[in-house]
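**Student:** File final-v2.txt follows (compact mmCIF, C-alpha atoms):
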# COMPACT_ATOMS: atom_id res chain seq x y z
CA MET A 1 -1.09 18.61 11.22
CA GLN A 2 1.62 20.92 12.52
CA THR A 3 5.23 20.04 11.81
CA ILE A 4 8.60 21.66 12.24
CA GLN A 5 9.60 23.99 9.42
CA ILE A 6 11.85 22.43 6.78
CA ILE A 7 13.60 24.60 4.19
CA ALA A 8 16.42 24.00 1.71
CA THR A 9 19.19 26.53 1.15
CA SER A 10 18.24 26.50 -2.53
CA HIS A 11 14.72 27.77 -1.75
CA GLU A 12 14.01 31.30 -2.98
CA ASN A 13 12.93 32.47 0.47
CA PHE A 14 15.84 30.88 2.34
CA HIS A 15 17.89 34.03 2.94
CA GLU A 16 14.85 35.81 4.38
CA LYS A 17 14.18 32.87 6.71
CA PHE A 18 17.82 32.59 7.70
CA SER A 19 18.11 36.31 8.46
CA SER A 20 15.13 35.93 10.77
CA LEU A 21 16.82 32.98 12.46
CA LEU A 22 19.94 35.06 13.12
CA GLN A 23 17.75 37.52 15.04
CA ARG A 24 16.38 34.82 17.36
CA GLY A 25 18.30 36.15 20.35
CA ALA A 26 17.05 39.71 20.03
CA MET A 27 15.27 40.66 23.22
CA ASP A 28 12.98 43.65 23.12
CA MET A 29 14.54 45.19 26.19
CA GLN A 30 13.31 48.66 25.30
CA ASP A 31 9.82 47.75 26.46
CA VAL A 32 11.01 46.62 29.90
CA PHE A 33 13.88 49.11 30.42
CA PRO A 34 11.74 51.70 32.28
CA LYS A 35 10.20 49.15 34.64
CA VAL A 36 13.50 47.40 35.33
CA GLN A 37 15.35 50.69 35.86
CA SER A 38 12.64 51.78 38.28
CA ILE A 39 13.01 48.56 40.29
CA LEU A 40 16.81 48.88 40.37
CA ASN A 41 16.62 52.52 41.46
CA ASP A 42 14.14 51.63 44.18
CA VAL A 43 16.41 48.90 45.59
CA ARG A 44 19.42 51.21 45.37
CA GLN A 45 17.66 54.04 47.18
CA ARG A 46 15.45 52.27 49.72
CA GLY A 47 17.27 48.96 50.16
CA ASP A 48 15.60 46.53 52.55
CA THR A 49 12.20 48.27 52.52
CA ALA A 50 12.04 48.12 48.72
CA LEU A 51 12.97 44.42 48.71
CA LEU A 52 10.15 43.49 51.08
CA GLU A 53 7.63 45.44 49.02
CA HIS A 54 8.82 43.91 45.73
CA ILE A 55 8.57 40.36 47.06
CA LYS A 56 5.01 41.03 48.19
CA GLN A 57 4.17 42.48 44.77
CA PHE A 58 5.85 39.92 42.52
CA ASP A 59 6.24 36.65 44.46
CA LYS A 60 2.81 36.25 46.12
CA TRP A 61 3.90 36.28 49.75
CA SER A 62 4.54 38.90 52.40
CA PRO A 63 7.78 38.70 54.37
CA GLN A 64 7.58 40.72 57.56
CA SER A 65 11.31 41.24 57.98
CA LEU A 66 14.61 40.62 56.22
CA GLN A 67 15.09 37.44 58.22
CA ASP A 68 12.02 36.01 56.48
CA ILE A 69 13.72 36.11 53.08
CA ILE A 70 16.89 34.34 54.24
CA VAL A 71 16.94 30.54 54.15
CA PRO A 72 18.71 29.40 57.36
CA PRO A 73 21.73 27.12 56.86
CA GLU A 74 19.94 24.50 58.99
CA GLN A 75 17.12 24.36 56.45
CA MET A 76 19.57 23.79 53.60
CA GLN A 77 21.33 21.09 55.62
CA LYS A 78 18.03 19.41 56.45
CA ALA A 79 17.01 19.42 52.78
CA TYR A 80 20.28 17.69 51.94
CA GLN A 81 19.99 15.13 54.74
CA GLU A 82 16.41 14.24 53.78
CA LEU A 83 17.15 13.99 50.09
CA ASP A 84 16.43 10.65 48.45
CA ASP A 85 19.64 8.56 48.23
CA SER A 86 19.43 8.32 44.45
CA LEU A 87 19.19 12.12 44.11
CA LYS A 88 22.01 12.52 46.60
CA ALA A 89 24.17 10.29 44.40
CA VAL A 90 23.21 12.41 41.39
CA LEU A 91 24.24 15.58 43.21
CA HIS A 92 27.59 14.19 44.30
CA THR A 93 28.44 12.79 40.88
CA ALA A 94 27.59 16.10 39.24
CA TYR A 95 29.53 18.03 41.88
CA GLU A 96 32.66 15.93 41.48
CA ARG A 97 32.69 16.04 37.68
CA ILE A 98 32.06 19.79 37.53
CA HIS A 99 34.63 20.41 40.27
CA ASN A 100 37.28 18.33 38.48
CA PHE A 101 36.70 20.23 35.24
CA CYS A 102 36.91 23.57 37.05
CA MET A 103 40.19 22.62 38.71
CA LYS A 104 41.75 22.21 35.26
CA GLN A 105 40.61 25.73 34.31
CA MET A 106 42.36 27.42 37.23
CA PRO A 107 44.99 29.89 35.93
CA LYS A 108 48.20 30.60 37.82
CA SER A 109 50.05 33.71 38.86
CA TRP A 110 53.42 34.05 37.12
CA ILE A 111 56.59 36.14 37.21
CA ASP A 112 59.16 36.56 34.46
CA PHE A 113 62.72 37.98 34.80
CA ASP A 114 64.75 39.41 31.94
CA ASP A 115 68.52 39.95 31.62
CA ASN A 116 68.35 43.49 33.05
CA GLY A 117 66.73 42.31 36.25
CA ASN A 118 63.29 43.62 35.30
CA ILE A 119 60.33 41.69 36.64
CA LEU A 120 57.03 41.37 34.80
CA GLY A 121 54.16 39.13 35.79
CA GLN A 122 50.57 38.52 36.62
CA LYS A 123 48.84 38.06 39.97
CA ILE A 124 45.59 36.10 40.14
CA THR A 125 43.15 37.05 42.91
CA ALA A 126 39.70 35.67 43.65
CA LEU A 127 36.75 38.05 43.86
CA ASN A 128 35.44 38.50 47.40
CA LYS A 129 31.73 37.94 46.81
CA ALA A 130 29.73 36.26 44.05
CA GLY A 131 26.01 36.77 43.54
CA LEU A 132 24.33 33.86 41.78
CA TYR A 133 20.89 34.18 40.23
CA ILE A 134 19.04 30.87 40.01
CA PRO A 135 15.72 31.12 38.16
CA GLY A 136 12.46 29.60 39.36
CA GLY A 137 8.89 29.50 38.16
CA LYS A 138 8.47 27.16 35.20
CA ALA A 139 11.07 24.70 36.48
CA VAL A 140 13.59 24.13 39.27
CA TYR A 141 17.30 24.35 38.42
CA PRO A 142 19.64 22.84 41.03
CA SER A 143 21.92 22.07 38.09
CA SER A 144 22.31 25.81 37.47
CA LEU A 145 23.24 26.31 41.11
CA LEU A 146 25.99 23.70 40.81
CA MET A 147 27.26 25.18 37.55
CA ASN A 148 27.51 28.67 39.05
CA ALA A 149 28.59 27.92 42.62
CA ILE A 150 31.31 25.35 41.93
CA PRO A 151 33.53 27.52 39.69
CA ALA A 152 33.17 30.36 42.21
CA ALA A 153 34.27 28.04 45.03
CA VAL A 154 37.19 26.64 43.02
CA ALA A 155 38.30 30.19 42.23
CA GLY A 156 38.47 30.88 45.97
CA VAL A 157 35.52 33.27 46.32
CA LYS A 158 34.99 33.81 50.05
CA GLU A 159 31.25 34.52 50.01
CA ILE A 160 28.70 32.98 47.67
CA MET A 161 25.21 34.49 47.74
CA VAL A 162 22.26 32.93 45.93
CA CYS A 163 19.07 34.76 44.98
CA SER A 164 16.11 32.75 43.71
CA PRO A 165 12.39 33.59 43.54
CA ALA A 166 10.18 31.76 46.04
CA SER A 167 6.64 31.93 44.74
CA SER A 168 4.22 31.68 47.69
CA ASN A 169 7.31 31.41 49.94
CA HIS A 170 8.24 27.95 48.67
CA VAL A 171 11.80 26.88 47.80
CA ASP A 172 12.40 23.46 46.26
CA SER A 173 14.22 21.08 48.61
CA PHE A 174 16.45 19.70 45.83
CA LEU A 175 17.67 23.25 45.16
CA LEU A 176 18.37 23.79 48.85
CA ALA A 177 20.22 20.48 49.06
CA ALA A 178 22.45 21.59 46.18
CA ALA A 179 23.07 24.88 47.98
CA HIS A 180 24.16 23.01 51.10
CA LEU A 181 26.52 20.78 49.14
CA CYS A 182 28.08 23.85 47.51
CA LYS A 183 28.49 25.59 50.90
CA VAL A 184 26.45 28.60 49.81
CA SER A 185 27.00 31.41 52.32
CA LEU A 186 23.64 33.11 51.94
CA PHE A 187 20.40 32.06 50.22
CA CYS A 188 17.81 34.81 49.68
CA LYS A 189 14.24 34.26 48.54
CA VAL A 190 14.03 37.12 46.08
CA GLY A 191 13.82 37.07 42.30
CA GLY A 192 13.71 39.16 39.15
CA ALA A 193 15.23 42.60 38.76
CA SER A 194 14.94 43.13 42.54
CA ALA A 195 17.45 40.31 43.13
CA ILE A 196 19.86 41.77 40.58
CA GLY A 197 19.55 45.17 42.27
CA LEU A 198 20.25 43.63 45.67
CA MET A 199 23.37 41.83 44.43
CA ALA A 200 24.60 44.84 42.44
CA TYR A 201 24.04 47.55 45.05
CA GLY A 202 23.57 45.82 48.37
CA SER A 203 21.23 47.22 51.03
CA GLN A 204 21.23 48.13 54.71
CA SER A 205 21.42 44.41 55.54
CA PHE A 206 23.39 42.94 52.62
CA LYS A 207 26.78 43.65 51.05
CA LYS A 208 26.97 44.04 47.29
CA ALA A 209 28.54 41.36 45.14
CA ASP A 210 31.55 41.73 42.86
CA ILE A 211 30.03 39.57 40.11
CA ILE A 212 26.52 38.46 39.21
CA SER A 213 26.18 35.22 37.26
CA GLY A 214 23.32 33.01 36.25
CA PRO A 215 20.46 32.97 33.72
CA GLY A 216 17.01 34.52 33.95
CA ASN A 217 14.07 35.95 32.03
CA ILE A 218 14.05 39.23 30.09
CA PHE A 219 13.69 41.27 33.31
CA VAL A 220 16.74 39.58 34.82
CA ALA A 221 18.74 39.89 31.59
CA THR A 222 17.84 43.58 31.27
CA ALA A 223 18.72 44.24 34.90
CA LYS A 224 22.11 42.56 34.47
CA LYS A 225 22.80 44.70 31.44
CA LEU A 226 21.89 47.88 33.33
CA VAL A 227 24.06 47.15 36.38
CA PHE A 228 27.12 46.09 34.38
CA GLY A 229 29.90 48.45 35.37
CA ASP A 230 28.67 48.76 38.94
CA VAL A 231 29.34 45.05 39.15
CA PHE A 232 30.83 42.46 36.80
CA ILE A 233 28.43 40.07 35.04
CA ASP A 234 28.99 36.75 33.31
CA MET A 235 26.94 37.37 30.15
CA ILE A 236 23.47 38.33 28.93
CA ALA A 237 21.85 34.92 28.54
CA GLY A 238 18.63 34.46 26.60
CA PRO A 239 16.43 31.42 25.87
CA SER A 240 18.16 28.07 25.45
CA GLU A 241 19.03 26.73 22.00
CA ILE A 242 20.57 23.78 20.23
CA GLY A 243 22.13 23.43 16.80
CA VAL A 244 22.74 20.02 15.22
CA ILE A 245 24.86 19.22 12.17
CA ALA A 246 24.02 15.70 11.01
CA ASP A 247 24.86 13.57 8.00
CA SER A 248 22.80 10.81 6.41
CA GLY A 249 24.16 8.25 8.89
CA ALA A 250 22.79 10.00 11.97
CA ASP A 251 20.03 8.37 14.00
CA ALA A 252 16.92 10.43 13.28
CA LYS A 253 15.19 9.66 16.59
CA ALA A 254 18.28 10.66 18.57
CA VAL A 255 18.43 13.97 16.68
CA ALA A 256 14.71 14.57 17.29
CA LEU A 257 14.98 13.87 21.01
CA ASP A 258 18.01 16.14 21.38
CA MET A 259 16.15 18.96 19.65
CA LEU A 260 13.15 18.42 21.92
CA SER A 261 15.41 18.47 24.98
CA GLN A 262 15.91 22.18 24.36
CA ALA A 263 12.39 22.90 23.15
CA GLU A 264 10.91 21.73 26.46
CA HIS A 265 12.89 24.39 28.36
CA ASP A 266 10.95 27.40 27.14
CA GLU A 267 8.49 28.52 24.45
CA LEU A 268 11.25 30.83 23.18
CA ALA A 269 13.92 28.10 22.94
CA SER A 270 15.33 27.29 19.50
CA ALA A 271 16.14 23.89 17.98
CA ILE A 272 18.00 23.94 14.66
CA LEU A 273 19.07 21.01 12.49
CA ILE A 274 21.26 21.50 9.42
CA THR A 275 21.83 18.45 7.22
CA PRO A 276 22.59 17.70 3.58
CA SER A 277 20.23 14.70 3.80
CA GLN A 278 16.62 15.35 2.81
CA SER A 279 15.71 11.86 3.98
CA LEU A 280 17.10 12.49 7.45
CA ALA A 281 15.31 15.83 7.61
CA GLN A 282 11.94 14.17 6.94
CA GLN A 283 12.61 11.37 9.43
CA VAL A 284 13.59 13.82 12.17
CA ALA A 285 10.41 15.84 11.60
CA GLN A 286 8.36 12.64 11.85
CA HIS A 287 10.04 11.57 15.10
CA ILE A 288 9.49 15.03 16.59
CA ASN A 289 5.76 14.73 15.93
CA GLU A 290 5.71 11.24 17.44
CA GLN A 291 7.64 12.16 20.59
CA LEU A 292 5.98 15.48 21.40
CA PRO A 293 2.67 14.10 22.75
CA MET A 294 4.58 11.97 25.27
CA LEU A 295 6.36 14.91 26.94
CA SER A 296 5.08 16.23 30.26
CA ARG A 297 5.92 19.74 29.00
CA LYS A 298 4.45 19.09 25.56
CA ASP A 299 2.68 22.46 25.37
CA ILE A 300 5.91 24.37 25.95
CA ALA A 301 7.90 22.08 23.64
CA SER A 302 5.29 22.28 20.88
CA SER A 303 5.23 26.07 20.95
CA SER A 304 9.03 26.17 20.77
CA ILE A 305 9.54 23.54 18.08
CA TYR A 306 6.79 24.76 15.75
CA LYS A 307 7.39 28.50 16.12
CA ARG A 308 11.15 28.69 16.59
CA GLY A 309 12.47 25.32 15.43
CA ILE A 310 13.78 24.72 11.92
CA ILE A 311 15.41 22.03 9.77
CA ILE A 312 17.68 23.34 7.02
CA ILE A 313 18.67 21.13 4.09
CA ALA A 314 22.13 22.24 2.96
CA LYS A 315 23.91 21.23 -0.23
CA ASP A 316 26.76 19.58 1.72
CA ILE A 317 28.48 19.40 5.12
CA GLU A 318 30.71 22.36 4.26
CA GLU A 319 27.68 24.60 3.76
CA SER A 320 26.18 23.18 6.96
CA ILE A 321 29.25 24.29 8.90
CA GLN A 322 29.24 27.74 7.30
CA LEU A 323 25.59 28.30 8.22
CA MET A 324 26.05 27.03 11.77
CA ASN A 325 29.04 29.29 12.33
CA ASN A 326 26.79 32.22 11.40
CA ILE A 327 24.13 30.99 13.82
CA ALA A 328 26.71 30.54 16.64
CA PRO A 329 24.50 28.27 18.77
CA GLU A 330 24.65 27.87 22.52
CA HIS A 331 24.90 24.07 22.15
CA LEU A 332 26.20 22.41 18.98
CA GLU A 333 25.98 18.68 18.32
CA LEU A 334 28.08 17.14 15.56
CA MET A 335 26.22 13.94 14.70
CA VAL A 336 28.35 12.88 11.75
CA SER A 337 30.54 9.88 10.95
CA ASN A 338 33.78 11.63 11.96
CA PRO A 339 32.92 14.59 14.23
CA PHE A 340 36.52 15.36 15.18
CA ALA A 341 37.32 15.99 11.51
CA LEU A 342 34.84 18.90 11.56
CA LEU A 343 36.12 20.40 14.80
CA PRO A 344 38.83 22.64 13.25
CA TYR A 345 36.15 24.32 11.13
CA ILE A 346 33.76 25.12 13.99
CA GLN A 347 34.36 28.74 14.98
CA ASN A 348 31.30 29.76 16.97
CA ALA A 349 29.57 27.60 19.58
CA GLY A 350 29.14 27.78 23.34
CA ALA A 351 29.70 24.04 23.80
CA ILE A 352 30.43 21.38 21.19
CA PHE A 353 29.09 17.84 21.59
CA LEU A 354 30.87 15.32 19.41
CA GLY A 355 29.40 12.01 18.30
CA ASP A 356 26.26 9.93 18.64
CA TYR A 357 26.74 9.23 22.36
CA THR A 358 27.15 12.82 23.51
CA PRO A 359 23.64 14.25 23.87
CA GLU A 360 23.34 17.84 24.98
CA ALA A 361 21.43 16.70 28.08
CA LEU A 362 24.65 15.16 29.44
CA GLY A 363 26.17 18.61 29.37
CA ASP A 364 23.23 20.06 31.28
CA TYR A 365 23.85 17.85 34.27
CA LEU A 366 26.84 15.57 34.68
CA ALA A 367 29.47 15.90 31.96
CA GLY A 368 31.60 18.50 33.75
CA PRO A 369 31.88 21.58 31.49
CA ASN A 370 29.64 24.47 32.47
CA HIS A 371 26.14 24.67 31.07
CA THR A 372 25.93 28.47 31.51
CA LEU A 373 26.65 29.36 27.91
CA PRO A 374 26.32 32.28 25.48
CA THR A 375 23.03 32.36 23.56
CA GLY A 376 21.43 34.22 20.68
CA GLY A 377 24.57 34.29 18.55
CA SER A 378 26.75 35.76 21.33
CA ALA A 379 28.99 32.67 21.14
CA LYS A 380 30.76 34.71 18.48
CA PHE A 381 32.33 36.77 21.27
CA PHE A 382 31.36 35.30 24.66
CA SER A 383 32.70 32.16 26.36
CA PRO A 384 31.09 29.67 28.76
CA LEU A 385 30.99 30.52 32.45
CA SER A 386 34.25 29.38 34.00
CA VAL A 387 36.53 29.75 37.00
CA GLU A 388 38.11 32.80 35.36
CA HIS A 389 34.85 34.76 35.65
CA PHE A 390 35.35 34.71 39.42
CA LEU A 391 38.97 35.84 39.30
CA LYS A 392 40.70 39.10 38.52
CA LYS A 393 44.20 39.66 37.19
CA SER A 394 46.71 42.27 38.30
CA SER A 395 49.78 43.04 36.20
CA LEU A 396 53.13 43.09 38.04
CA LEU A 397 55.98 45.43 37.07
CA ALA A 398 59.31 45.88 38.86
CA PHE A 399 62.11 47.55 36.83
CA SER A 400 65.73 47.61 37.81
CA GLN A 401 67.73 50.82 37.57
CA LYS A 402 69.46 49.53 34.45
CA GLY A 403 66.19 48.45 32.88
CA ALA A 404 64.44 51.78 33.52
CA LEU A 405 67.36 53.84 32.13
CA GLU A 406 67.58 51.65 29.04
CA LEU A 407 63.98 52.48 28.07
CA SER A 408 63.91 56.07 29.35
CA ALA A 409 64.82 57.80 26.07
CA LEU A 410 62.25 55.93 23.99
CA CYS A 411 59.58 56.15 26.66
CA GLY A 412 60.19 59.87 27.16
CA ARG A 413 59.92 60.45 23.42
CA PHE A 414 56.60 58.59 23.39
CA ALA A 415 55.26 60.80 26.19
CA GLU A 416 56.51 63.91 24.39
CA ALA A 417 54.68 62.87 21.23
CA GLU A 418 51.46 62.59 23.22
CA GLY A 419 52.02 66.00 24.82
CA LEU A 420 52.21 64.65 28.37
CA ASP A 421 54.99 66.62 30.05
CA ALA A 422 54.71 65.09 33.52
CA HIS A 423 54.96 61.64 32.01
CA LYS A 424 58.21 62.60 30.26
CA GLU A 425 59.70 64.30 33.33
CA SER A 426 58.68 61.36 35.53
CA ILE A 427 60.67 59.06 33.29
CA PHE A 428 63.71 61.32 32.86
CA TYR A 429 63.88 62.03 36.61
CA ARG A 430 64.95 58.42 37.12
CA LYS A 431 68.28 59.37 35.48
CA ILE A 432 68.83 61.99 38.16
CA LEU A 433 67.69 59.60 40.84
CA SER A 434 70.17 56.97 39.69
CA LYS A 435 73.09 59.43 39.85
CA ASN A 436 72.25 60.41 43.41
CA ARG A 437 72.37 56.86 44.66
Once more with this new file: its structure as structure tokens, please.
**Tutor:**
Amino acid sequence: MQTIQIIATSHENFHEKFSSLLQRGAMDMQDVFPKVQSILNDVRQRGDTALLEHIKQFDKWSPQSLQDIIVPPEQMQKAYQELDDSLKAVLHTAYERIHNFCMKQMPKSWIDFDDNGNILGQKITALNKAGLYIPGGKAVYPSSLLMNAIPAAVAGVKEIMVCSPASSNHVDSFLLAAAHLCKVSLFCKVGGASAIGLMAYGSQSFKKADIISGPGNIFVATAKKLVFGDVFIDMIAGPSEIGVIADSGADAKAVALDMLSQAEHDELASAILITPSQSLAQQVAQHINEQLPMLSRKDIASSSIYKRGIIIIAKDIEESIQLMNNIAPEHLELMVSNPFALLPYIQNAGAIFLGDYTPEALGDYLAGPNHTLPTGGSAKFFSPLSVEHFLKKSSLLAFSQKGALELSALCGRFAEAEGLDAHKESIFYRKILSKNR
């Protein structure tokens, strides 16, 4: 009988296994670079014509014109109006909670004056257009649309464009209802690297975006990496993952179900438990085996949990924290007696879920914080998607005559040391200017 891998940190092969675990986010982009670059170049050079050909090739339907790939606003509105009342309540609850959280993230412009009358500050400006990629295929993700569109709207982005693949020209009505609620400006039925190319470069019929956000497969992730610089991106997101630190008092079935909640996303998803309790480790493994056959996506979850899942038995909670900080998981659950006591020691995690009644699944849908999170260890240097991704900052400088002259000697000396004569003369000329006024 298959079971999730269990290994103790004292095992002779542990470091080899752990090193492999740290590489879980590595995506072999080299193999897809040529194909993705070719698609991006084609969209950049041929625009609309390339898009229509790509959709026919990859999405199993043949649009005859650009209008065919655009979902009319009336269709999104109809999908919302015809939505089951219970799902409509779900959408509105999620929208309100995410919106409220985003409002608290909103930074402010500021100006500071010093004694010499100098003014320094920062101006916050929303980006003009956001391109959101919402994946399709194995599942439908209206939650991802909410998580990407709402922070853009709160930031003040004027135009929100969504690209999502429509296999056989079908778009899920729940996804369209979410788009209507979020007041999406434009919904295009195009996926993969072609969609990233469209949002990054525009075409004869579409303006380019200023930022591309949203998750996707290796082709989407590679395309986002290649267009970065021509457009801003949120992050390079890989397969979903969960890390759990649990003590002997944790409920084993709850831990097992939370690990499976990530495993059912994707065969490449990772579920990792670190605990000092050997008894809990065995119980969690048993519950995983019991729950798996009951899942509608049991084949996907089984592949994930048995190939990429692991339970690590640490010597104590301190070692558990040290290992998890090295892993830097997308989602981290602290299922211990006093989770807030551990919080100061957690350095690397996309989102931290504290306590027995905070399952990761709450964060996927209704909690409020964004579920677009850094994966594959990138939580060491990336942050969750937020309102700030859709904003840009401009520095403000306004020096008085007195303030400029006070710094002129030092500033001129700095320029001289760097060998930049025009810089130095530009600064010293203000002395002359001040005498002539």
**Student:** Could you tell me how far CA of Cys188 (chain A) lies from CA of Gly368 (chain A), in Å and to one decimal?
**Tutor:** 26.6 Å
**Student:** Identify which of the residues A:Val184, A:Gly412, A:Leu405, A:Ala246 lies closest to Lys435 (chain A), counting all atoms listed in the file when measuring atom-to-atom distances.
**Tutor:**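 For Lys435 (chain A), the nearest of the given residues is A:Leu405.
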**Student:** Grab the CA of Asn41 (chain A) to CA of Asp230 (chain A) distance for me, in Å with one decimal place.
**Tutor:**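 If I compute the distance from CA of Asn41 (chain A) to CA of Asp230 (chain A), I get 12.9 Å.
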**Student:** Within 9 Å of region 386-398 of chain A, which residues of region 52-136 of chain A come that close, and what is the closest atom pair and distance in Å for each? Count only C-alpha atoms and give it as JSON lines.
**Tutor:**
{"residue": "A:Cys102", "atom": "CA", "partner": "A:Val387", "partner_atom": "CA", "distance": 6.2}
{"residue": "A:Met103", "atom": "CA", "partner": "A:Val387", "partner_atom": "CA", "distance": 8.2}
{"residue": "A:Gln105", "atom": "CA", "partner": "A:Val387", "partner_atom": "CA", "distance": 6.3}
{"residue": "A:Met106", "atom": "CA", "partner": "A:Val387", "partner_atom": "CA", "distance": 6.3}
{"residue": "A:Pro107", "atom": "CA", "partner": "A:Glu388", "partner_atom": "CA", "distance": 7.5}
{"residue": "A:Ser109", "atom": "CA", "partner": "A:Lys393", "partner_atom": "CA", "distance": 8.5}
{"residue": "A:Ile111", "atom": "CA", "partner": "A:Leu396", "partner_atom": "CA", "distance": 7.8}
{"residue": "A:Gly117", "atom": "CA", "partner": "A:Ala398", "partner_atom": "CA", "distance": 8.6}
{"residue": "A:Asn118", "atom": "CA", "partner": "A:Ala398", "partner_atom": "CA", "distance": 5.8}
{"residue": "A:Ile119", "atom": "CA", "partner": "A:Ala398", "partner_atom": "CA", "distance": 4.9}
{"residue": "A:Leu120", "atom": "CA", "partner": "A:Leu397", "partner_atom": "CA", "distance": 4.8}
{"residue": "A:Gly121", "atom": "CA", "partner": "A:Leu396", "partner_atom": "CA", "distance": 4.7}
{"residue": "A:Gln122", "atom": "CA", "partner": "A:Ser395", "partner_atom": "CA", "distance": 4.6}
{"residue": "A:Lys123", "atom": "CA", "partner": "A:Ser394", "partner_atom": "CA", "distance": 5.0}
{"residue": "A:Ile124", "atom": "CA", "partner": "A:Lys393", "partner_atom": "CA", "distance": 4.8}
{"residue": "A:Thr125", "atom": "CA", "partner": "A:Lys392", "partner_atom": "CA", "distance": 5.4}
{"residue": "A:Ala126", "atom": "CA", "partner": "A:Leu391", "partner_atom": "CA", "distance": 4.4}
{"residue": "A:Leu127", "atom": "CA", "partner": "A:Leu391", "partner_atom": "CA", "distance": 5.5}
{"residue": "A:Asn128", "atom": "CA", "partner": "A:Phe390", "partner_atom": "CA", "distance": 8.8}
{"residue": "A:Lys129", "atom": "CA", "partner": "A:Phe390", "partner_atom": "CA", "distance": 8.8}
{"residue": "A:Ala130", "atom": "CA", "partner": "A:Phe390", "partner_atom": "CA", "distance": 7.4}
**Student:** Measure the distance from CA of Ser62 (chain A) to CA of Leu83 (chain A) in Å and round it to one decimal.
**Tutor:**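 Computed distance, CA of Ser62 (chain A) to CA of Leu83 (chain A), equals 28.0 Å.
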**Student:** List as a list of chain:residue names the protein and nucleic acid residues near Asn338 (chain A), meaning an atom at most 9 Å away when all atoms listed in the file are counted, but skip any in the same chain fewer than 4 places from it.
**Tutor:**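 Near Asn338 (chain A), the qualifying residues are A:Leu334, A:Leu342, A:Leu354, A:Gly355.
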**Student:** Keeping C-alpha atoms for every residue in the selection just given, could you write it to a file as a tab-separated table (two decimals), keeping the file's coordinate frame?
**Tutor:**
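And here's selection39.tsv as it stands now:
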chain	number	residue	atom	x	y	z
A	334	LEU	CA	28.08	17.14	15.56
A	342	LEU	CA	34.84	18.90	11.56
A	354	LEU	CA	30.87	15.32	19.41
A	355	GLY	CA	29.40	12.01	18.30
**Student:** Counting only C-alpha atoms, which residue out of A:Ser38, A:Gln283, A:Ser203, A:Thr372 sits closest to Gly216 (chain A)?
**Tutor:**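 Checking each candidate against Gly216 (chain A), we get A:Thr372 as the closest.
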**Student:** So, counting all atoms listed in the file, which residue among A:Glu159, A:Ser408, A:Ala177, A:Ile321 is closest to Pro339 (chain A)?
**Tutor:**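 Once distances to Pro339 (chain A) are computed over all atoms listed in the file, the minimum belongs to A:Ile321.
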**Student:** Rebuild region 46-58 of chain A so that it carries N, CA and C atoms, then output the result as a PDB file, in the coordinates of the input.
**Tutor:**
ATOM      1  N   ARG A  46      16.173  52.599  48.486  1.00  0.00           N
ATOM      2  CA  ARG A  46      15.450  52.270  49.720  1.00  0.00           C
ATOM      3  C   ARG A  46      15.856  50.928  50.318  1.00  0.00           C
ATOM      4  N   GLY A  47      16.692  50.179  49.604  1.00  0.00           N
ATOM      5  CA  GLY A  47      17.270  48.960  50.160  1.00  0.00           C
ATOM      6  C   GLY A  47      16.268  47.955  50.674  1.00  0.00           C
ATOM      7  N   ASP A  48      16.401  47.604  51.946  1.00  0.00           N
ATOM      8  CA  ASP A  48      15.600  46.530  52.550  1.00  0.00           C
ATOM      9  C   ASP A  48      14.102  46.754  52.386  1.00  0.00           C
ATOM     10  N   THR A  49      13.637  47.973  52.605  1.00  0.00           N
ATOM     11  CA  THR A  49      12.200  48.270  52.520  1.00  0.00           C
ATOM     12  C   THR A  49      11.677  47.976  51.114  1.00  0.00           C
ATOM     13  N   ALA A  50      12.442  48.377  50.102  1.00  0.00           N
ATOM     14  CA  ALA A  50      12.040  48.120  48.720  1.00  0.00           C
ATOM     15  C   ALA A  50      11.963  46.621  48.445  1.00  0.00           C
ATOM     16  N   LEU A  51      12.952  45.870  48.929  1.00  0.00           N
ATOM     17  CA  LEU A  51      12.970  44.420  48.710  1.00  0.00           C
ATOM     18  C   LEU A  51      11.699  43.763  49.245  1.00  0.00           C
ATOM     19  N   LEU A  52      11.333  44.099  50.465  1.00  0.00           N
ATOM     20  CA  LEU A  52      10.150  43.490  51.080  1.00  0.00           C
ATOM     21  C   LEU A  52       8.898  43.827  50.285  1.00  0.00           C
ATOM     22  N   GLU A  53       8.797  45.044  49.809  1.00  0.00           N
ATOM     23  CA  GLU A  53       7.630  45.440  49.020  1.00  0.00           C
ATOM     24  C   GLU A  53       7.600  44.725  47.667  1.00  0.00           C
ATOM     25  N   HIS A  54       8.758  44.573  47.043  1.00  0.00           N
ATOM     26  CA  HIS A  54       8.820  43.910  45.730  1.00  0.00           C
ATOM     27  C   HIS A  54       8.430  42.435  45.841  1.00  0.00           C
ATOM     28  N   ILE A  55       8.907  41.781  46.890  1.00  0.00           N
ATOM     29  CA  ILE A  55       8.570  40.360  47.060  1.00  0.00           C
ATOM     30  C   ILE A  55       7.069  40.202  47.234  1.00  0.00           C
ATOM     31  N   LYS A  56       6.460  41.076  48.001  1.00  0.00           N
ATOM     32  CA  LYS A  56       5.010  41.030  48.190  1.00  0.00           C
ATOM     33  C   LYS A  56       4.284  41.250  46.865  1.00  0.00           C
ATOM     34  N   GLN A  57       4.811  42.144  46.044  1.00  0.00           N
ATOM     35  CA  GLN A  57       4.170  42.480  44.770  1.00  0.00           C
ATOM     36  C   GLN A  57       4.339  41.394  43.719  1.00  0.00           C
ATOM     37  N   PHE A  58       5.541  40.813  43.633  1.00  0.00           N
ATOM     38  CA  PHE A  58       5.850  39.920  42.520  1.00  0.00           C
ATOM     39  C   PHE A  58       5.800  38.425  42.860  1.00  0.00           C
TER      40      PHE A  58
END
